[in-house]
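Asker: So I've got this file, final33.cif, and it contains mmCIF, C-alpha atoms:
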data_target
#
loop_
_atom_site.group_PDB
_atom_site.id
_atom_site.type_symbol
_atom_site.label_atom_id
_atom_site.label_comp_id
_atom_site.auth_asym_id
_atom_site.auth_seq_id
_atom_site.Cartn_x
_atom_site.Cartn_y
_atom_site.Cartn_z
ATOM 1 C CA MET A 1 -49.968 15.772 26.792
ATOM 2 C CA ALA A 2 -51.625 12.498 27.841
ATOM 3 C CA THR A 3 -48.269 11.012 28.840
ATOM 4 C CA TYR A 4 -47.431 14.061 30.951
ATOM 5 C CA TYR A 5 -50.846 13.930 32.612
ATOM 6 C CA GLN A 6 -50.224 10.253 33.481
ATOM 7 C CA ARG A 7 -46.833 11.141 34.990
ATOM 8 C CA VAL A 8 -48.416 13.898 37.103
ATOM 9 C CA ARG A 9 -51.179 11.568 38.312
ATOM 10 C CA ALA A 10 -48.700 8.803 39.154
ATOM 11 C CA HIS A 11 -46.531 11.286 41.058
ATOM 12 C CA LEU A 12 -49.551 12.586 43.006
ATOM 13 C CA MET A 13 -50.686 9.075 43.900
ATOM 14 C CA ARG A 14 -47.339 8.357 45.599
ATOM 15 C CA PHE A 15 -48.649 10.630 48.359
ATOM 16 C CA HIS A 16 -52.037 8.894 48.643
ATOM 17 C CA GLN A 17 -52.884 7.530 52.054
ATOM 18 C CA TYR A 18 -56.173 6.894 53.746
ATOM 19 C CA PRO A 19 -56.609 9.169 56.798
ATOM 20 C CA THR A 20 -57.227 7.105 59.943
ATOM 21 C CA SER A 21 -59.644 9.744 61.204
ATOM 22 C CA ALA A 22 -61.992 8.981 58.273
ATOM 23 C CA ASN A 23 -63.151 5.847 60.126
ATOM 24 C CA GLY A 24 -63.827 3.728 57.051
ATOM 25 C CA GLN A 25 -65.767 6.383 55.138
ATOM 26 C CA ARG A 26 -65.431 6.352 51.369
ATOM 27 C CA GLY A 27 -65.477 8.997 48.704
ATOM 28 C CA VAL A 28 -63.950 10.465 45.581
ATOM 29 C CA VAL A 29 -62.407 13.927 45.703
ATOM 30 C CA LYS A 30 -62.019 15.857 42.472
ATOM 31 C CA LEU A 31 -58.883 17.990 42.528
ATOM 32 C CA SER A 32 -58.192 20.882 40.177
ATOM 33 C CA PHE A 33 -54.771 22.457 40.124
ATOM 34 C CA THR A 34 -52.545 24.392 37.761
ATOM 35 C CA LEU A 35 -48.871 23.644 37.247
ATOM 36 C CA GLY A 36 -46.137 25.959 36.050
ATOM 37 C CA ARG A 37 -43.511 24.749 33.607
ATOM 38 C CA GLY A 38 -41.145 23.746 36.419
ATOM 39 C CA GLY A 39 -43.789 21.549 38.055
ATOM 40 C CA GLN A 40 -44.699 24.049 40.771
ATOM 41 C CA VAL A 41 -48.341 24.321 41.860
ATOM 42 C CA LEU A 42 -49.633 27.776 40.936
ATOM 43 C CA SER A 43 -53.152 27.227 42.266
ATOM 44 C CA SER A 44 -55.237 24.394 43.653
ATOM 45 C CA ARG A 45 -58.828 23.852 44.712
ATOM 46 C CA LEU A 46 -61.442 21.179 45.232
ATOM 47 C CA GLY A 47 -63.165 20.581 41.935
ATOM 48 C CA GLY A 48 -65.704 18.411 43.736
ATOM 49 C CA SER A 49 -66.094 17.343 47.332
ATOM 50 C CA SER A 50 -66.321 13.748 48.466
ATOM 51 C CA GLY A 51 -68.845 14.827 51.065
ATOM 52 C CA VAL A 52 -66.378 13.857 53.808
ATOM 53 C CA ALA A 53 -64.319 16.821 55.058
ATOM 54 C CA VAL A 54 -61.349 14.735 56.229
ATOM 55 C CA LEU A 55 -61.049 13.061 52.805
ATOM 56 C CA ASP A 56 -61.239 16.427 51.051
ATOM 57 C CA ALA A 57 -58.509 17.785 53.333
ATOM 58 C CA GLN A 58 -56.301 14.736 52.733
ATOM 59 C CA ALA A 59 -56.607 15.138 48.968
ATOM 60 C CA MET A 60 -55.610 18.810 49.168
ATOM 61 C CA ALA A 61 -52.669 17.832 51.386
ATOM 62 C CA MET A 62 -51.547 15.384 48.689
ATOM 63 C CA VAL A 63 -51.159 18.256 46.216
ATOM 64 C CA ARG A 64 -49.017 20.227 48.693
ATOM 65 C CA GLN A 65 -46.890 17.198 49.610
ATOM 66 C CA ALA A 66 -46.316 16.194 45.985
ATOM 67 C CA GLN A 67 -44.631 19.471 45.036
ATOM 68 C CA PRO A 68 -42.744 19.841 42.870
ATOM 69 C CA PHE A 69 -44.416 17.779 40.178
ATOM 70 C CA PRO A 70 -42.453 16.599 37.124
ATOM 71 C CA PRO A 71 -41.439 19.553 34.943
ATOM 72 C CA VAL A 72 -43.408 20.126 31.750
ATOM 73 C CA PRO A 73 -41.632 18.555 28.741
ATOM 74 C CA SER A 74 -40.332 20.996 26.131
ATOM 75 C CA GLU A 75 -42.654 19.608 23.441
ATOM 76 C CA ILE A 76 -45.627 20.956 25.439
ATOM 77 C CA THR A 77 -45.585 24.689 24.805
ATOM 78 C CA TYR A 78 -48.265 25.874 27.239
ATOM 79 C CA ALA A 79 -47.097 28.283 29.956
ATOM 80 C CA THR A 80 -49.348 26.596 32.531
ATOM 81 C CA ILE A 81 -50.973 23.170 32.660
ATOM 82 C CA PRO A 82 -54.450 22.662 34.162
ATOM 83 C CA ILE A 83 -54.842 19.292 35.882
ATOM 84 C CA ASN A 84 -58.136 17.706 36.951
ATOM 85 C CA VAL A 85 -57.924 14.381 38.722
ATOM 86 C CA GLY A 86 -60.177 12.242 40.887
ATOM 87 C CA VAL A 87 -58.745 10.689 44.049
ATOM 88 C CA ALA A 88 -60.659 7.736 45.494
ATOM 89 C CA PHE A 89 -60.531 6.886 49.184
ATOM 90 C CA GLY A 90 -61.697 3.575 50.600
ATOM 91 C CA ASN A 91 -62.709 2.116 47.252
#
Please, can you express the file's structure as structure tokens?
Answerer:
Amino acid sequence: MATYYQRVRAHLMRFHQYPTSANGQRGVVKLSFTLGRGGQVLSSRLGGSSGVAVLDAQAMAMVRQAQPFPPVPSEITYATIPINVGVAFGN
């Protein structure tokens, strides 16, 4: 499970970019999303705001852009996979 989580995080971070409209502000956004076995996002939400709306929006956009995520390996038998990840901006 830890290896799959690392693959999902690495895939998500390929879509990380600092929004120019954030004007140098910093923050960490906590994302919570659920993946289906094929790597599709079933649900997503902010698990914790950075306090900067444009950073929060960029983090949510990353989840949409990253679809589909890597499929769940057969050795993991869960029907859905909850993912919680922090995304740092400007740090």
Asker: Counting only C-alpha atoms, find residues at most 8 Å from (-67.3, 8.5, 45.1) (file frame) and give them as an NGL selection string.
Answerer: :A and (26-29 or 50 or 88)
Asker: One number please: CA of Pro71 in chain A to CA of Leu31 in chain A, in Å, one decimal.
Answerer: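 If I compute the distance from CA of Pro71 in chain A to CA of Leu31 in chain A, I get 19.1 Å.
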Asker: From the set A:Lys30, A:Arg37, A:Arg9, A:His16, which residue has the shortest atom-to-atom contact distance to Ile76 in chain A, counting only C-alpha atoms?
Answerer: A:Arg37
Asker: Near Leu12 in chain A, counting only C-alpha atoms, which residues have an atom at most 9 Å away, once you skip same-chain residues fewer than 6 positions from it, shown as a list in words?
Answerer: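 The residues that qualify are Met62, Val63, Gln65, Ala66, Gln67 and Phe69 of chain A.
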Asker: Can you tell me which residues surround Gln6 in chain A at a distance of at most 12 Å, considering all atoms listed in the file, apart from same-chain residues fewer than 3 positions away, and format the answer as a list of chain:residue names?
Answerer: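 My list of contacting residues is A:Met1, A:Ala2, A:Thr3, A:Arg9, A:Ala10, A:His11, A:Leu12, A:Met13, A:Phe69, A:Pro70, A:Ile83, A:Asn84, A:Val85.
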Asker: Which residue is closest to Thr34 in chain A? Choose from A:Gly51, A:Gly90, A:Tyr78, A:Thr20 and count all atoms listed in the file.
Answerer: A:Tyr78
Asker: Using only C-alpha atoms, find the one residue out of A:Leu35, A:Leu46, A:Ala22, A:Ala53 that sits nearest to Val72 in chain A.
Answerer: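 Answer, going by the shortest atom-to-atom distance: A:Leu35.
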Asker: Hey, what's within 12 Å of Pro73 in chain A if we count only C-alpha atoms and toss same-chain stuff fewer than 6 positions away? As a list of chain:residue names, please?
Answerer: A:Met1, A:Ala2, A:Thr3, A:Tyr4, A:Tyr5, A:Arg7, A:Val8, A:Gly36, A:Arg37, A:Gly38, A:Gly39, A:Ala79, A:Thr80, A:Ile81
Asker: Compare A:Gln40, A:Ser49, A:Gln17, A:Ser74 by their minimum atom-to-atom distance to Ala61 in chain A, counting all atoms listed in the file, and give me the closest one.
Answerer: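 Under the stated criterion, the closest residue is A:Gln17.
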Asker: Expressed in Å to a single decimal, how great is the separation between CA of Ser43 in chain A and CA of Arg64 in chain A?
Answerer: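 It comes out at 10.4 Å.
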Asker: Under the rule that only C-alpha atoms are counted, which of A:Glu75, A:Gln58, A:Phe15, A:Pro82 is the nearest residue to Ser44 in chain A?
Answerer: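 Counting only C-alpha atoms, the residue closest to Ser44 in chain A is A:Pro82.
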Asker: State, in Å with one decimal place, the distance from CA of Thr77 in chain A to CA of Met60 in chain A.
Answerer: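 Result for CA of Thr77 in chain A versus CA of Met60 in chain A: 27.0 Å, one decimal.
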